[in-house]
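The structure file protein03.csv is reproduced below (CSV, C-alpha atoms).
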chain,number,residue,atom,x,y,z
A,1,MET,CA,11.3,-7.8,1.2
A,2,ASN,CA,10.9,-4.2,2.1
A,3,PHE,CA,8.1,-2.0,0.9
A,4,ASP,CA,8.2,1.8,0.5
A,5,SER,CA,5.5,2.8,2.9
A,6,SER,CA,5.1,6.2,1.3
A,7,ALA,CA,3.4,4.4,-1.6
A,8,PHE,CA,0.4,3.8,0.6
A,9,VAL,CA,0.0,7.5,1.5
A,10,ALA,CA,-2.7,9.5,-0.3
A,11,GLU,CA,-2.7,13.2,-1.3
A,12,PRO,CA,-3.9,15.7,1.4
A,13,ASP,CA,-7.1,16.5,-0.4
A,14,LEU,CA,-8.1,12.9,-0.7
A,15,ILE,CA,-7.2,12.2,2.9
A,16,GLN,CA,-9.3,15.1,4.0
A,17,SER,CA,-12.3,14.0,2.0
A,18,LEU,CA,-12.0,10.5,3.4
A,19,ARG,CA,-11.5,11.6,7.0
A,20,GLN,CA,-14.7,13.6,6.8
A,21,ARG,CA,-16.6,10.3,6.2
A,22,ALA,CA,-14.7,8.0,8.4
A,23,PHE,CA,-15.6,6.4,11.7
A,24,PRO,CA,-12.9,6.2,14.4
A,25,VAL,CA,-11.5,2.8,15.2
A,26,ASP,CA,-10.7,2.0,18.8
A,27,CYS,CA,-7.0,1.4,19.1
A,28,ARG,CA,-6.4,1.7,22.8
A,29,GLU,CA,-4.6,-1.6,22.4
A,30,ASP,CA,-2.8,-3.1,19.4
A,31,ARG,CA,-5.5,-4.0,17.0
A,32,GLU,CA,-5.6,-6.1,13.9
A,33,LEU,CA,-7.5,-4.0,11.3
A,34,PHE,CA,-7.8,-6.8,8.8
A,35,HIS,CA,-6.2,-10.2,8.1
A,36,GLN,CA,-4.7,-11.6,4.9
A,37,GLY,CA,-7.3,-13.7,3.2
A,38,GLY,CA,-10.2,-11.9,4.8
A,39,ASP,CA,-13.0,-10.2,2.8
A,40,PRO,CA,-12.8,-6.5,2.5
A,41,THR,CA,-15.4,-4.5,4.4
A,42,GLY,CA,-14.0,-1.0,3.9
A,43,LEU,CA,-11.0,1.3,3.9
A,44,PHE,CA,-8.7,2.2,6.9
A,45,ILE,CA,-6.9,5.5,7.1
A,46,LEU,CA,-3.9,5.9,9.5
A,47,ASN,CA,-4.4,9.4,10.8
A,48,SER,CA,-1.5,9.2,13.4
A,49,GLY,CA,0.5,6.7,15.3
A,50,GLU,CA,1.9,3.5,14.1
A,51,ALA,CA,0.6,0.6,12.0
A,52,THR,CA,2.3,-2.2,10.1
A,53,MET,CA,1.3,-4.3,7.2
A,54,PHE,CA,2.7,-7.7,6.6
A,55,LEU,CA,2.5,-10.5,4.1
A,56,GLU,CA,2.6,-14.1,5.3
A,57,ASP,CA,3.6,-17.2,3.4
A,58,ALA,CA,1.3,-20.3,3.3
A,59,ASN,CA,2.5,-21.3,6.8
A,60,GLY,CA,1.6,-18.0,8.4
A,61,VAL,CA,5.2,-16.8,8.6
A,62,PRO,CA,5.7,-13.1,7.7
A,63,VAL,CA,7.8,-12.8,4.6
A,64,ALA,CA,7.4,-9.0,4.1
A,65,MET,CA,6.7,-6.2,6.5
A,66,ALA,CA,6.0,-2.5,6.0
A,67,PRO,CA,5.6,0.2,8.6
A,68,MET,CA,2.9,2.6,7.5
A,69,ALA,CA,3.2,6.4,7.4
A,70,GLN,CA,0.6,8.9,8.5
A,71,GLY,CA,-2.0,9.2,5.8
A,72,ALA,CA,-1.7,5.6,4.6
A,73,LEU,CA,-4.7,4.0,3.1
A,74,LEU,CA,-4.9,0.4,4.3
A,75,GLY,CA,-6.8,-2.3,2.4
A,76,LEU,CA,-7.3,-0.3,-0.8
A,77,PRO,CA,-6.5,-3.0,-3.4
A,78,ALA,CA,-8.8,-5.5,-1.8
A,79,LEU,CA,-11.6,-3.0,-1.5
A,80,ILE,CA,-11.3,-1.8,-5.1
A,81,GLY,CA,-10.8,-5.3,-6.5
A,82,ASP,CA,-13.5,-6.8,-4.3
A,83,LYS,CA,-11.0,-9.6,-3.5
A,84,PRO,CA,-9.6,-10.9,-0.2
A,85,TYR,CA,-6.9,-8.8,1.6
A,86,THR,CA,-3.4,-9.8,0.4
A,87,MET,CA,-1.8,-8.5,3.6
A,88,THR,CA,-2.6,-8.1,7.3
A,89,ALA,CA,-2.7,-4.7,8.9
A,90,VAL,CA,-2.1,-4.1,12.6
A,91,ALA,CA,-2.4,-0.7,14.3
A,92,LYS,CA,-0.3,-0.1,17.4
A,93,ALA,CA,-1.9,1.0,20.7
A,94,GLY,CA,-2.6,4.7,20.6
A,95,ALA,CA,-2.9,4.9,16.8
A,96,ARG,CA,-5.7,7.1,15.4
A,97,VAL,CA,-7.4,5.1,12.6
A,98,GLY,CA,-10.5,6.0,10.6
A,99,PHE,CA,-12.7,3.4,8.8
A,100,ILE,CA,-14.9,4.1,5.7
A,101,THR,CA,-17.4,1.5,4.8
A,102,ARG,CA,-17.4,0.0,1.3
A,103,ASN,CA,-20.7,1.7,0.4
A,104,THR,CA,-19.5,5.1,1.6
A,105,PHE,CA,-16.2,4.7,-0.3
A,106,SER,CA,-18.0,3.6,-3.5
A,107,ALA,CA,-20.4,6.5,-3.4
A,108,LEU,CA,-17.6,9.0,-2.9
A,109,MET,CA,-15.6,7.6,-5.8
A,110,LEU,CA,-18.6,7.7,-8.1
A,111,SER,CA,-19.5,11.2,-7.1
A,112,ASP,CA,-16.1,12.8,-7.6
A,113,PRO,CA,-13.8,11.9,-10.6
A,114,LEU,CA,-10.9,13.9,-9.1
A,115,LEU,CA,-10.9,11.8,-5.9
A,116,SER,CA,-11.1,8.6,-8.1
A,117,LEU,CA,-8.0,9.8,-10.0
A,118,MET,CA,-6.2,10.4,-6.6
A,119,ILE,CA,-7.1,6.8,-5.6
A,120,LEU,CA,-5.7,5.5,-8.8
A,121,ARG,CA,-2.4,7.3,-8.0
A,122,VAL,CA,-2.2,5.6,-4.7
A,123,MET,CA,-2.9,2.2,-6.3
A,124,ALA,CA,-0.2,2.9,-9.0
A,125,ALA,CA,2.3,3.9,-6.3
A,126,GLU,CA,1.5,0.7,-4.3
A,127,LEU,CA,2.0,-1.4,-7.4
A,128,ARG,CA,5.3,0.3,-8.3
A,129,ALA,CA,6.5,-0.2,-4.7
A,130,THR,CA,5.6,-3.8,-4.8
A,131,ARG,CA,7.4,-4.4,-8.1
A,132,ILE,CA,10.5,-2.7,-6.7
A,133,ALA,CA,10.4,-4.7,-3.5
A,134,ILE,CA,10.0,-8.0,-5.5
A,135,SER,CA,12.8,-7.1,-7.9
A,136,GLU,CA,15.4,-6.5,-5.1
A,137,LYS,CA,17.8,-9.4,-4.6
A,138,PRO,CA,18.8,-10.5,-1.1
A,139,SER,CA,22.3,-9.3,-1.9
A,140,GLY,CA,20.9,-5.8,-1.5
A,141,ARG,CA,21.5,-4.8,-5.1
A,142,SER,CA,18.7,-2.5,-6.2
A,143,HIS,CA,16.6,-2.8,-9.4
A,144,ARG,CA,18.4,0.4,-10.6
A,145,SER,CA,21.9,-1.2,-10.5
A,146,ARG,CA,20.6,-4.2,-12.4
A,147,ALA,CA,18.8,-1.9,-14.9
A,148,LEU,CA,22.1,0.0,-15.5
A,149,LYS,CA,23.9,-3.3,-16.0
A,150,ARG,CA,21.2,-4.4,-18.6
A,151,LYS,CA,21.6,-1.0,-20.4
A,152,ARG,CA,25.3,-1.4,-20.6
A,153,MET,CA,25.0,-4.9,-21.9
A,154,SER,CA,22.4,-3.8,-24.5
A,155,GLN,CA,24.7,-1.0,-25.6
A,156,SER,CA,27.6,-3.4,-25.9
A,157,LEU,CA,25.6,-5.8,-28.0
A,158,ALA,CA,24.4,-2.9,-30.3
A,159,THR,CA,28.0,-1.7,-30.8
A,160,GLY,CA,29.5,-5.2,-31.0
A,161,THR,CA,31.9,-4.6,-28.0
A,162,THR,CA,32.0,-6.5,-24.8
A,163,ASN,CA,33.3,-5.4,-21.4

Take the structure in the file and write it out as structure tokens.
Amino acid sequence: MNFDSSAFVAEPDLIQSLRQRAFPVDCREDRELFHQGGDPTGLFILNSGEATMFLEDANGVPVAMAPMAQGALLGLPALIGDKPYTMTAVAKAGARVGFITRNTFSALMLSDPLLSLMILRVMAAELRATRIAISEKPSGRSHRSRALKRKRMSQSLATGTTN
């Protein structure tokens, strides 16, 4: 399963506001930022470098992996939902990562409705990317080709023709 990593990237104005309140995270070596199943403590921002998020099955085997792009917000769904992380995030050595505490993030979202709307856009993009990744079959057929097939079938049923 492949995720569209651009879905995790926030708008420049949001990134700037978050970066101003973030603490740097030491990534001189590869660093696990959070682990699937762990309690959310804050939000991570990938300022530069490489990071990967992955989803593990019940045996700890990765079943989905997504390289993150600069500007990605890591851990957002867990932080907003106040539920355990559903993925694990690892920053590669040399990455520049910022961390915003839960309290700072909450205060910022309550103080600025426009930033809250931008956060909702990131959440919607993540949800959409996840649904697309889930809908893809191992055969490589995209959700769009299946949607076109369903549309043609619906049109055939409506007109009484079959192809």

Using all atoms listed in the file, which residues sit within 12 Å of Leu108 of chain A once same-chain residues fewer than 3 positions away are excluded, as a PyMOL selection string?
chain A and resi 14+17-22+100-105+111-117+119

Quick one: write out the picked residues with C-alpha atoms as a PDB file, keeping the file's coordinate frame?
ATOM      1  CA  LEU A  14      -8.100  12.900  -0.700  1.00  0.00           C
ATOM      2  CA  SER A  17     -12.300  14.000   2.000  1.00  0.00           C
ATOM      3  CA  LEU A  18     -12.000  10.500   3.400  1.00  0.00           C
ATOM      4  CA  ARG A  19     -11.500  11.600   7.000  1.00  0.00           C
ATOM      5  CA  GLN A  20     -14.700  13.600   6.800  1.00  0.00           C
ATOM      6  CA  ARG A  21     -16.600  10.300   6.200  1.00  0.00           C
ATOM      7  CA  ALA A  22     -14.700   8.000   8.400  1.00  0.00           C
ATOM      8  CA  ILE A 100     -14.900   4.100   5.700  1.00  0.00           C
ATOM      9  CA  THR A 101     -17.400   1.500   4.800  1.00  0.00           C
ATOM     10  CA  ARG A 102     -17.400   0.000   1.300  1.00  0.00           C
ATOM     11  CA  ASN A 103     -20.700   1.700   0.400  1.00  0.00           C
ATOM     12  CA  THR A 104     -19.500   5.100   1.600  1.00  0.00           C
ATOM     13  CA  PHE A 105     -16.200   4.700  -0.300  1.00  0.00           C
ATOM     14  CA  SER A 111     -19.500  11.200  -7.100  1.00  0.00           C
ATOM     15  CA  ASP A 112     -16.100  12.800  -7.600  1.00  0.00           C
ATOM     16  CA  PRO A 113     -13.800  11.900 -10.600  1.00  0.00           C
ATOM     17  CA  LEU A 114     -10.900  13.900  -9.100  1.00  0.00           C
ATOM     18  CA  LEU A 115     -10.900  11.800  -5.900  1.00  0.00           C
ATOM     19  CA  SER A 116     -11.100   8.600  -8.100  1.00  0.00           C
ATOM     20  CA  LEU A 117      -8.000   9.800 -10.000  1.00  0.00           C
ATOM     21  CA  ILE A 119      -7.100   6.800  -5.600  1.00  0.00           C
TER      22      ILE A 119
END

List as a PyMOL selection string the residues having at least one atom at most 7 Å from position (3.8, 6.4, 9.9) as given in the file, counting only C-alpha atoms.
chain A and resi 48-51+67-70

Which residues are close to Ile80 of chain A, i.e. within 10 Å by all atoms listed in the file, leaving aside same-chain residues fewer than 3 positions away? Reply as a list in words.
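The residues satisfying every condition are Pro40, Gly42, Leu43, Gly75, Leu76, Pro77, Lys83, Arg102, Phe105, Ser106, Ile119, Leu120 and Met123 of chain A.
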
Contacts of Gly98 of chain A at 6 Å (all atoms listed in the file; same-chain gap of 6+ positions) as a list of chain:residue names
A:Ala22, A:Phe23, A:Pro24, A:Val25, A:Phe44, A:Ile45

I want to know what sits within 8 Å of Cys27 of chain A, based on all atoms listed in the file, with residues of the same chain fewer than 4 positions away left out; could you give that as a list of chain:residue names?
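Once the adjacent positions are removed, what remains is A:Arg31, A:Ala91, A:Lys92, A:Ala93, A:Gly94, A:Ala95, A:Arg96, A:Val97.
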
Go through A:Leu46, A:Glu11, A:Ala129, A:Ala89 one by one, measure the shortest atom-to-atom distance of each to Leu33 of chain A using only C-alpha atoms, and give the residue with the smallest value.
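Smallest distance to Leu33 of chain A is found for A:Ala89.
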
Quick one: distance from atom CA of Pro62 of chain A to atom CA of Pro84 of chain A in Å, one decimal?
17.4 Å

Gap from atom CA of Asp82 of chain A to atom CA of Leu55 of chain A - Å, one decimal
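A separation of 18.4 Å between them.
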
Calculate how many Å separate atom CA of Asp26 of chain A from atom CA of Ala58 of chain A, rounding to one decimal.
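Interatomic distance here is 29.7 Å.
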
Using all atoms listed in the file, which of the listed residues (A:Gly81, A:Ala72, A:Ala64, A:Val90) sits closest to Ala125 of chain A?
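Smallest distance to Ala125 of chain A is found for A:Ala72.
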
Calculated over all atoms listed in the file, which of the candidates A:Thr130, A:Ala107, A:Glu29, A:Gln36 has the smallest distance to Val61 of chain A?
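When distances to Val61 of chain A are compared using all atoms listed in the file, the smallest one comes from A:Gln36.
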
Proximity to Ala133 of chain A - best of A:Ala10, A:Leu79, A:Met65, A:Met53, only C-alpha atoms:
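Under the stated criterion, the closest residue is A:Met65.
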